[in-house]
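As stored in query37.txt (compact mmCIF, C-alpha atoms):
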```txt
# COMPACT_ATOMS: atom_id res chain seq x y z
CA MET A 1 92.67 98.37 113.31
CA ARG A 2 96.45 98.29 113.66
CA PHE A 3 98.31 98.73 116.95
CA ASP A 4 101.84 99.94 117.54
CA VAL A 5 104.39 98.33 119.85
CA THR A 6 103.10 100.33 122.84
CA GLY A 7 99.60 98.87 122.53
CA LYS A 8 98.06 102.08 121.19
CA VAL A 9 96.14 102.15 117.94
CA SER A 10 98.39 103.29 115.10
CA LEU A 11 97.39 106.74 113.84
CA ASP A 12 100.55 107.37 111.82
CA HIS A 13 98.63 108.01 108.62
CA ILE A 14 96.88 111.13 109.98
CA TYR A 15 100.22 112.96 110.19
CA ASP A 16 101.23 112.40 106.57
CA GLN A 17 98.32 114.14 104.83
CA PRO A 18 98.60 117.36 102.78
CA ASP A 19 96.31 119.20 105.22
CA PRO A 20 94.87 118.69 108.74
CA ARG A 21 91.37 117.50 107.81
CA THR A 22 92.00 113.78 108.33
CA TYR A 23 93.80 114.54 111.61
CA PHE A 24 90.85 116.46 113.06
CA ARG A 25 88.12 114.23 111.62
CA LEU A 26 89.62 111.10 113.19
CA LEU A 27 90.55 112.65 116.52
CA ARG A 28 87.26 114.48 117.06
CA PRO A 29 85.22 111.36 118.03
CA LEU A 30 88.01 110.48 120.49
CA ASP A 31 87.70 113.89 122.21
CA TYR A 32 91.41 114.54 121.78
CA SER A 33 91.93 117.64 123.92
CA VAL A 34 95.35 117.72 125.55
CA PRO A 35 96.62 120.76 123.55
CA GLN A 36 93.70 122.79 124.93
CA GLN A 37 94.51 121.69 128.48
CA ALA A 38 98.20 122.41 127.93
CA LYS A 39 97.56 125.91 126.58
CA PRO A 40 97.33 127.82 129.90
CA TYR A 41 100.38 126.03 131.30
CA PHE A 42 102.46 126.81 128.24
CA ALA A 43 101.22 130.41 128.16
CA LYS A 44 102.13 130.91 131.81
CA LEU A 45 105.59 129.44 131.29
CA ILE A 46 106.23 131.59 128.22
CA THR A 47 105.18 134.72 130.13
CA GLU A 48 107.37 133.84 133.07
CA TYR A 49 110.34 133.20 130.80
CA ARG A 50 109.78 136.47 128.94
CA GLU A 51 109.68 138.46 132.17
CA SER A 52 112.42 136.68 134.09
CA ARG A 53 114.87 136.45 131.19
CA HIS A 54 113.92 139.81 129.61
CA VAL A 55 113.35 138.19 126.22
CA ALA A 56 110.95 140.18 124.05
CA VAL A 57 110.20 137.39 121.56
CA PRO A 58 110.72 133.92 123.07
CA LYS A 59 111.59 131.16 120.65
CA VAL A 60 109.48 128.07 121.36
CA LEU A 61 110.37 124.66 119.93
CA ASP A 62 107.37 122.31 119.67
CA ILE A 63 108.56 118.72 119.38
CA GLY A 64 106.13 116.52 117.47
CA CYS A 65 104.26 119.62 116.34
CA SER A 66 102.33 117.93 113.48
CA TYR A 67 100.16 120.60 111.80
CA GLY A 68 101.13 123.36 114.25
CA VAL A 69 98.22 122.91 116.67
CA ASN A 70 100.03 124.25 119.75
CA ALA A 71 101.29 127.21 117.75
CA ALA A 72 97.77 128.04 116.54
CA LEU A 73 96.43 127.88 120.09
CA LEU A 74 99.19 129.97 121.65
CA LYS A 75 100.01 132.47 118.92
CA TYR A 76 96.50 133.15 117.66
CA ASP A 77 94.37 132.17 120.69
CA ALA A 78 92.56 129.47 118.73
CA THR A 79 90.78 126.67 120.58
CA MET A 80 90.53 122.97 119.84
CA ASP A 81 86.78 123.32 119.33
CA GLU A 82 87.45 126.05 116.77
CA LEU A 83 89.98 123.90 114.94
CA TYR A 84 87.67 120.88 114.94
CA ALA A 85 84.96 123.04 113.36
CA ARG A 86 87.50 124.57 110.98
CA TYR A 87 88.81 121.29 109.58
CA GLY A 88 86.47 118.54 110.73
CA GLY A 89 83.14 119.78 109.40
CA GLU A 90 81.58 118.23 106.33
CA GLU A 91 81.23 121.67 104.76
CA HIS A 92 85.02 121.80 104.34
CA ALA A 93 85.42 118.26 102.97
CA GLY A 94 85.48 119.32 99.35
CA GLU A 95 87.64 122.41 99.73
CA SER A 96 91.06 122.52 98.17
CA ARG A 97 94.25 122.76 100.18
CA GLU A 98 94.73 126.27 98.80
CA VAL A 99 91.36 127.39 100.17
CA LEU A 100 92.19 125.99 103.60
CA LEU A 101 95.58 127.70 103.56
CA ALA A 102 94.06 131.03 102.56
CA ARG A 103 91.62 130.86 105.46
CA ASP A 104 94.40 129.95 107.88
CA ARG A 105 96.62 132.77 106.66
CA GLU A 106 93.74 135.16 107.29
CA LEU A 107 93.49 133.78 110.83
CA ALA A 108 97.20 134.42 111.33
CA ARG A 109 96.89 137.98 109.96
CA SER A 110 93.81 138.88 111.98
CA ARG A 111 94.94 137.60 115.37
CA ARG A 112 98.37 138.97 115.95
CA PRO A 113 99.35 138.12 119.53
CA PRO A 114 99.84 141.10 121.87
CA ASP A 115 103.15 139.56 122.99
CA PRO A 116 104.93 137.99 120.01
CA ILE A 117 106.20 134.42 120.07
CA ARG A 118 108.43 132.70 117.55
CA PHE A 119 107.34 129.09 117.00
CA VAL A 120 109.59 126.42 115.50
CA GLY A 121 108.20 122.96 114.83
CA LEU A 122 110.18 119.71 114.90
CA ASP A 123 108.58 116.66 113.33
CA THR A 124 109.32 113.66 111.14
CA SER A 125 106.31 114.42 108.93
CA GLY A 126 107.25 116.72 106.10
CA SER A 127 103.61 117.06 104.99
CA ALA A 128 102.38 118.28 108.36
CA LEU A 129 105.32 120.67 108.73
CA SER A 130 104.78 122.09 105.26
CA TYR A 131 101.14 122.85 105.99
CA ALA A 132 101.86 124.46 109.35
CA ARG A 133 104.62 126.59 107.82
CA GLU A 134 102.55 127.68 104.81
CA ALA A 135 99.55 128.48 107.01
CA GLY A 136 101.65 130.84 109.11
CA PHE A 137 101.36 128.83 112.32
CA LEU A 138 105.07 128.00 112.42
CA ASP A 139 107.85 130.51 111.84
CA ASP A 140 110.29 127.73 110.98
CA ALA A 141 110.12 123.95 110.55
CA VAL A 142 112.75 121.32 111.28
CA HIS A 143 112.08 118.12 109.35
CA ALA A 144 114.22 115.63 111.22
CA ASP A 145 114.27 112.34 113.11
CA LEU A 146 116.57 113.10 116.03
CA GLU A 147 115.94 109.68 117.52
CA GLU A 148 117.94 108.15 114.70
CA HIS A 149 120.23 110.96 113.53
CA GLU A 150 122.28 113.85 114.81
CA PRO A 151 121.00 117.18 113.49
CA THR A 152 122.64 118.46 110.35
CA SER A 153 124.47 121.77 110.44
CA ARG A 154 121.38 123.49 109.02
CA GLN A 155 119.07 121.81 111.52
CA ARG A 156 121.43 122.71 114.35
CA ALA A 157 121.26 126.35 113.25
CA GLN A 158 117.45 126.18 113.21
CA LEU A 159 117.37 124.72 116.72
CA ALA A 160 119.93 127.17 118.14
CA GLY A 161 118.62 129.97 120.30
CA THR A 162 115.61 128.04 121.61
CA ASP A 163 114.16 129.50 124.80
CA LEU A 164 111.48 126.93 125.59
CA VAL A 165 110.87 123.35 124.48
CA ILE A 166 107.32 121.95 124.65
CA SER A 167 105.47 118.79 123.63
CA THR A 168 101.99 117.31 123.99
CA GLY A 169 102.15 113.57 123.61
CA CYS A 170 105.23 112.69 121.60
CA VAL A 171 107.48 111.75 124.54
CA GLY A 172 107.43 108.00 124.75
CA TYR A 173 107.96 107.74 121.02
CA VAL A 174 110.50 110.54 121.29
CA THR A 175 113.06 109.75 123.99
CA GLU A 176 115.97 111.34 125.77
CA ARG A 177 117.99 110.97 122.56
CA THR A 178 116.00 113.68 120.82
CA LEU A 179 115.89 115.99 123.83
CA THR A 180 119.62 115.61 124.45
CA ARG A 181 120.37 116.48 120.83
CA VAL A 182 118.09 119.53 121.04
CA VAL A 183 119.87 120.77 124.16
CA ARG A 184 123.34 120.17 122.74
CA ALA A 185 122.40 122.21 119.67
CA GLN A 186 122.10 125.21 122.01
CA GLY A 187 125.75 125.31 123.04
CA ALA A 188 125.88 126.73 126.57
CA ARG A 189 122.18 127.73 126.55
CA ARG A 190 119.67 125.69 128.52
CA PRO A 191 116.06 126.20 127.41
CA TRP A 192 113.16 125.60 129.78
CA MET A 193 111.00 122.57 129.04
CA ALA A 194 107.40 121.47 129.54
CA HIS A 195 106.28 118.03 128.37
CA PHE A 196 102.83 116.47 128.61
CA VAL A 197 103.58 112.73 128.74
CA LEU A 198 101.13 109.83 128.74
CA ARG A 199 101.20 107.99 132.07
CA MET A 200 101.87 104.76 130.21
CA PHE A 201 105.34 106.04 129.31
CA PRO A 202 108.06 106.34 131.99
CA PHE A 203 109.70 109.77 132.15
CA ASP A 204 112.59 108.60 134.37
CA PRO A 205 115.11 108.06 131.52
CA VAL A 206 114.40 111.55 130.17
CA GLU A 207 114.67 113.08 133.64
CA ARG A 208 118.02 111.38 134.25
CA ALA A 209 119.39 112.52 130.90
CA LEU A 210 118.27 116.10 131.52
CA ALA A 211 119.75 116.02 135.03
CA GLY A 212 123.08 115.18 133.44
CA LEU A 213 122.73 118.36 131.38
CA GLY A 214 122.06 120.53 134.42
CA TYR A 215 118.26 120.32 134.74
CA ARG A 216 115.93 119.74 137.61
CA THR A 217 112.51 118.27 136.78
CA VAL A 218 109.25 118.44 138.72
CA ARG A 219 105.95 116.80 137.92
CA VAL A 220 102.69 118.69 138.27
CA ASP A 221 100.32 116.69 140.48
CA GLU A 222 97.30 117.07 138.20
CA VAL A 223 96.50 114.55 135.46
CA PHE A 224 95.16 115.54 132.05
CA ARG A 225 92.83 113.67 129.72
CA GLN A 226 94.46 113.15 126.36
CA ARG A 227 91.76 111.26 124.45
CA ARG A 228 89.32 108.40 124.69
CA PHE A 229 90.49 104.93 123.77
CA ALA A 230 89.79 104.15 120.13
CA SER A 231 88.45 100.68 120.94
CA PRO A 232 88.12 98.16 123.79
CA GLN A 233 91.08 96.34 122.26
CA GLU A 234 93.28 99.41 122.52
CA GLN A 235 92.24 99.95 126.13
CA ALA A 236 92.99 96.32 127.02
CA ARG A 237 96.42 96.46 125.39
CA VAL A 238 97.34 99.74 127.10
CA LEU A 239 96.11 98.53 130.51
CA ASP A 240 98.21 95.40 130.11
CA SER A 241 101.26 97.50 129.27
CA MET A 242 100.68 99.78 132.24
CA SER A 243 100.21 96.89 134.64
CA ALA A 244 103.41 95.26 133.38
CA ALA A 245 105.22 98.54 134.03
CA GLY A 246 103.78 98.81 137.55
CA VAL A 247 101.50 101.78 136.79
CA ASP A 248 98.05 101.60 138.37
CA PRO A 249 95.32 102.54 135.84
CA GLY A 250 92.53 102.39 138.43
CA GLY A 251 90.15 105.35 138.26
CA LEU A 252 91.92 106.77 135.21
CA GLU A 253 92.79 104.72 132.13
CA ALA A 254 90.55 101.93 133.42
CA GLU A 255 87.62 104.32 132.97
CA GLY A 256 88.19 104.75 129.23
CA TRP A 257 90.62 107.65 128.74
CA LEU A 258 94.34 108.02 128.14
CA TYR A 259 95.84 110.41 130.69
CA ALA A 260 98.97 112.55 130.60
CA GLN A 261 101.10 114.23 133.24
CA LEU A 262 103.06 117.46 132.94
CA HIS A 263 106.80 117.44 133.58
CA LEU A 264 108.59 120.79 133.94
CA SER A 265 112.36 120.92 133.53
CA ARG A 266 114.47 124.00 134.17
CA PRO A 267 118.22 124.47 134.40
CA TYR A 268 119.87 125.55 137.57
CA ASP A 269 121.49 128.96 137.27
CA ASN A 270 125.09 129.55 138.26
CA THR A 271 124.15 129.75 141.93
CA GLY A 272 121.89 126.70 141.83
CA THR A 273 118.81 128.69 142.76
CA ASP A 274 116.71 128.35 139.60
CA ASP A 275 113.99 126.23 141.22
CA PRO A 276 111.47 124.64 138.81
CA ASN A 277 108.84 124.68 141.59
CA ARG A 278 108.79 128.47 141.61
CA GLU A 279 105.36 129.88 140.83
CA GLN A 280 104.04 126.50 139.76
CA SER A 281 101.18 124.96 141.70
```
Would you write the structure of this file as structure tokens?
Amino acid sequence: MRFDVTGKVSLDHIYDQPDPRTYFRLLRPLDYSVPQQAKPYFAKLITEYRESRHVAVPKVLDIGCSYGVNAALLKYDATMDELYARYGGEEHAGESREVLLARDRELARSRRPPDPIRFVGLDTSGSALSYAREAGFLDDAVHADLEEHEPTSRQRAQLAGTDLVISTGCVGYVTERTLTRVVRAQGARRPWMAHFVLRMFPFDPVERALAGLGYRTVRVDEVFRQRRFASPQEQARVLDSMSAAGVDPGGLEAEGWLYAQLHLSRPYDNTGTDDPNREQS
């Protein structure tokens, strides 16, 4: 079992497969569930943006989107349990990628959302992006590493016009560098943001960077289970990292789960009255 520099077990290989079966088979025993918990928060934010900004089809950028899980949940009202059954069952182990794609395209055709959403995925995994795009979960895919590189002119055009930026677990590996480059690709626009971030990763550098771009950030008080630890060794490494960073894992990570917190960032309007606390509890 390999570990990355944060102390977490390395799961990089599950994002570079031609389809999502490995992803769901390996995450299912760990009860990975944060996209399901994030779903109502994202849905509420999208609705609020649509109504307050009078945007008929909001454009949502999912950073670290992998196989388009958040898009499937929000656009087509899928659930994590449904996706685990769809990809993680033994009955699908021998199916071809084309069969999986055909079934997913049928899902996309049969569950048109009552209020349309345009989903763009940003990820460093070309394989995961390709599947999500071909399945119809994503409307567009940006294959880029914005930690290391400025967006190209084509990528900047793909990112432009974003209304909301979301993520479920990539912040910590993705830093303020990526988020700053996403915002700067918008010109004068300032999309709303909602990021579920593991408690082991400090959000302060991101918050400071966004503040410099005209944002105010609030943290929702609730905590959200991301997944179980993959092994006692992973738990020990993460608890050591958290303790070194001054984060108390008592009653949470110490009990066997990784936990995330939700950070909401919204720009002030011209009068400074666009309060991120509004209608969030």
- Scan for residues within 10 Å of the point (101.7, 119.5, 105.5) in the coordinates of the file, using only C-alpha atoms, and reply as a PyMOL selection string. chain A and resi 15-20+66-68+97+125-135
Can you pull out every residue within 9 Å of segment 231-238 of chain A, counting all atoms listed in the file, but drop anything in the same chain fewer than 2 positions away, and send it as a PDB file with C-alpha atoms, in the frame of the given file?
```pdb
ATOM      1  CA  PHE A   3      98.310  98.730 116.950  1.00  0.00           C
ATOM      2  CA  THR A   6     103.100 100.330 122.840  1.00  0.00           C
ATOM      3  CA  GLY A   7      99.600  98.870 122.530  1.00  0.00           C
ATOM      4  CA  LYS A   8      98.060 102.080 121.190  1.00  0.00           C
ATOM      5  CA  VAL A   9      96.140 102.150 117.940  1.00  0.00           C
ATOM      6  CA  MET A 200     101.870 104.760 130.210  1.00  0.00           C
ATOM      7  CA  ARG A 228      89.320 108.400 124.690  1.00  0.00           C
ATOM      8  CA  PHE A 229      90.490 104.930 123.770  1.00  0.00           C
ATOM      9  CA  ASP A 240      98.210  95.400 130.110  1.00  0.00           C
ATOM     10  CA  SER A 241     101.260  97.500 129.270  1.00  0.00           C
ATOM     11  CA  MET A 242     100.680  99.780 132.240  1.00  0.00           C
ATOM     12  CA  SER A 243     100.210  96.890 134.640  1.00  0.00           C
ATOM     13  CA  GLU A 253      92.790 104.720 132.130  1.00  0.00           C
ATOM     14  CA  ALA A 254      90.550 101.930 133.420  1.00  0.00           C
ATOM     15  CA  GLY A 256      88.190 104.750 129.230  1.00  0.00           C
ATOM     16  CA  TRP A 257      90.620 107.650 128.740  1.00  0.00           C
ATOM     17  CA  LEU A 258      94.340 108.020 128.140  1.00  0.00           C
TER      18      LEU A 258
END
```
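Across A:Pro202, A:Gly172, A:Gly246, A:Gly121, the tightest approach to Val69 of chain A is made by A:Gly121 when counting all atoms listed in the file.
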- Item | Nearby residues (only C-alpha atoms) at most 9 Å from Leu26 of chain A, same-chain spacing under 4 positions excluded, as a ChimeraX atom specification | /A:11,14,21-22,30,88
Determine, using all atoms listed in the file, which residues of segment 181-205 of chain A have any atom at most 10 Å from an atom of segment 140-150 of chain A, and tabulate each with its shortest atom pair and distance in Å to one decimal place, rows ordered by chain and then rising number, as JSON lines.
```
{"residue": "A:Arg181", "atom": "CA", "partner": "A:Glu150", "partner_atom": "CA", "distance": 6.8}
{"residue": "A:Val182", "atom": "CA", "partner": "A:Leu146", "partner_atom": "CA", "distance": 8.3}
{"residue": "A:Ala185", "atom": "CA", "partner": "A:Glu150", "partner_atom": "CA", "distance": 9.7}
```
For the selection just defined, write its residues with C-alpha atoms to a file, as an mmCIF file, in the coordinates of the input.
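What ended up in out_36.cif:
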```cif
data_model
loop_
_atom_site.group_PDB
_atom_site.id
_atom_site.type_symbol
_atom_site.label_atom_id
_atom_site.label_comp_id
_atom_site.auth_asym_id
_atom_site.auth_seq_id
_atom_site.Cartn_x
_atom_site.Cartn_y
_atom_site.Cartn_z
ATOM 1 C CA ARG A 181 120.370 116.480 120.830
ATOM 2 C CA VAL A 182 118.090 119.530 121.040
ATOM 3 C CA ALA A 185 122.400 122.210 119.670
#
```
- For each of A:Phe137, A:Tyr268, A:Phe119, A:Phe224, take the minimum atom-to-atom distance to Arg190 of chain A, counting all atoms listed in the file, then give the residue where this is smallest.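 Counting all atoms listed in the file, the residue closest to Arg190 of chain A is A:Tyr268.
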- Query: So, counting all atoms listed in the file, which residue among A:Gly64, A:Gly214, A:Pro114, A:Pro151 is closest to Thr175 of chain A?
  - Reply: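 So, comparing all the options, the nearest one is A:Gly64.
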- Task: Please provide as a PyMOL selection string all residues within 10 Å of Ser167 of chain A, with the sequence filter that same-chain residues fewer than 4 positions apart are discarded (counting all atoms listed in the file).
- Result: chain A and resi 35+38+42+61-65+70+122+171+174+193-197+262
- Message: Can you tell me which residues surround Leu27 of chain A at a distance of at most 9 Å, considering only C-alpha atoms, apart from same-chain residues fewer than 5 positions away, and format the answer as a PyMOL selection string?
- Response: chain A and resi 22+32+84+227
- Do a neighbour search on Gly187 of chain A at 9 Å with only C-alpha atoms, toss out local chain neighbours closer than 4 positions, and write the hits as a PyMOL selection string. chain A and resi 160-161+183
- Separation of atom CA of Arg219 of chain A and atom CA of Phe203 of chain A, in Å?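 For atom CA of Arg219 of chain A relative to atom CA of Phe203 of chain A, the distance reads 9.8 Å.
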- Item | Selected residue, from A:Arg199, A:Arg53, A:Arg112, A:His92, that lies nearest to Asp269 of chain A when counting all atoms listed in the file |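 For Asp269 of chain A, the nearest of the candidates is A:Arg53.
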- Please measure the separation of atom CA of Ala78 of chain A and atom CA of Phe24 of chain A, giving the value in Å to one decimal.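 Atom CA of Ala78 of chain A sits 14.3 Å away from atom CA of Phe24 of chain A.
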- Would you mind telling me which residue in A:Glu207, A:Asp12, A:Asp31, A:Asp123 lies nearest to Arg225 of chain A when using all atoms listed in the file? A:Asp31
Segment 228-232 of chain A: axis-aligned bounding box, 5 Å on each side, centre and edge lengths in Å, one decimal, as JSON:
```
{"center_x": 89.3, "center_y": 103.3, "center_z": 122.4, "size_x": 12.4, "size_y": 20.2, "size_z": 14.6}
```
- Message: Using only C-alpha atoms, can you tell me which of A:Ile166, A:Ala157, A:Val57, A:Leu100 comes closest to Pro113 of chain A?
- Response: A:Val57
- Query: What separation in Å, quoted to one decimal, exists between atom CA of Arg184 of chain A and atom CA of Ala260 of chain A?
  - Reply: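 Straight-line distance from atom CA of Arg184 of chain A to atom CA of Ala260 of chain A works out to 26.7 Å.
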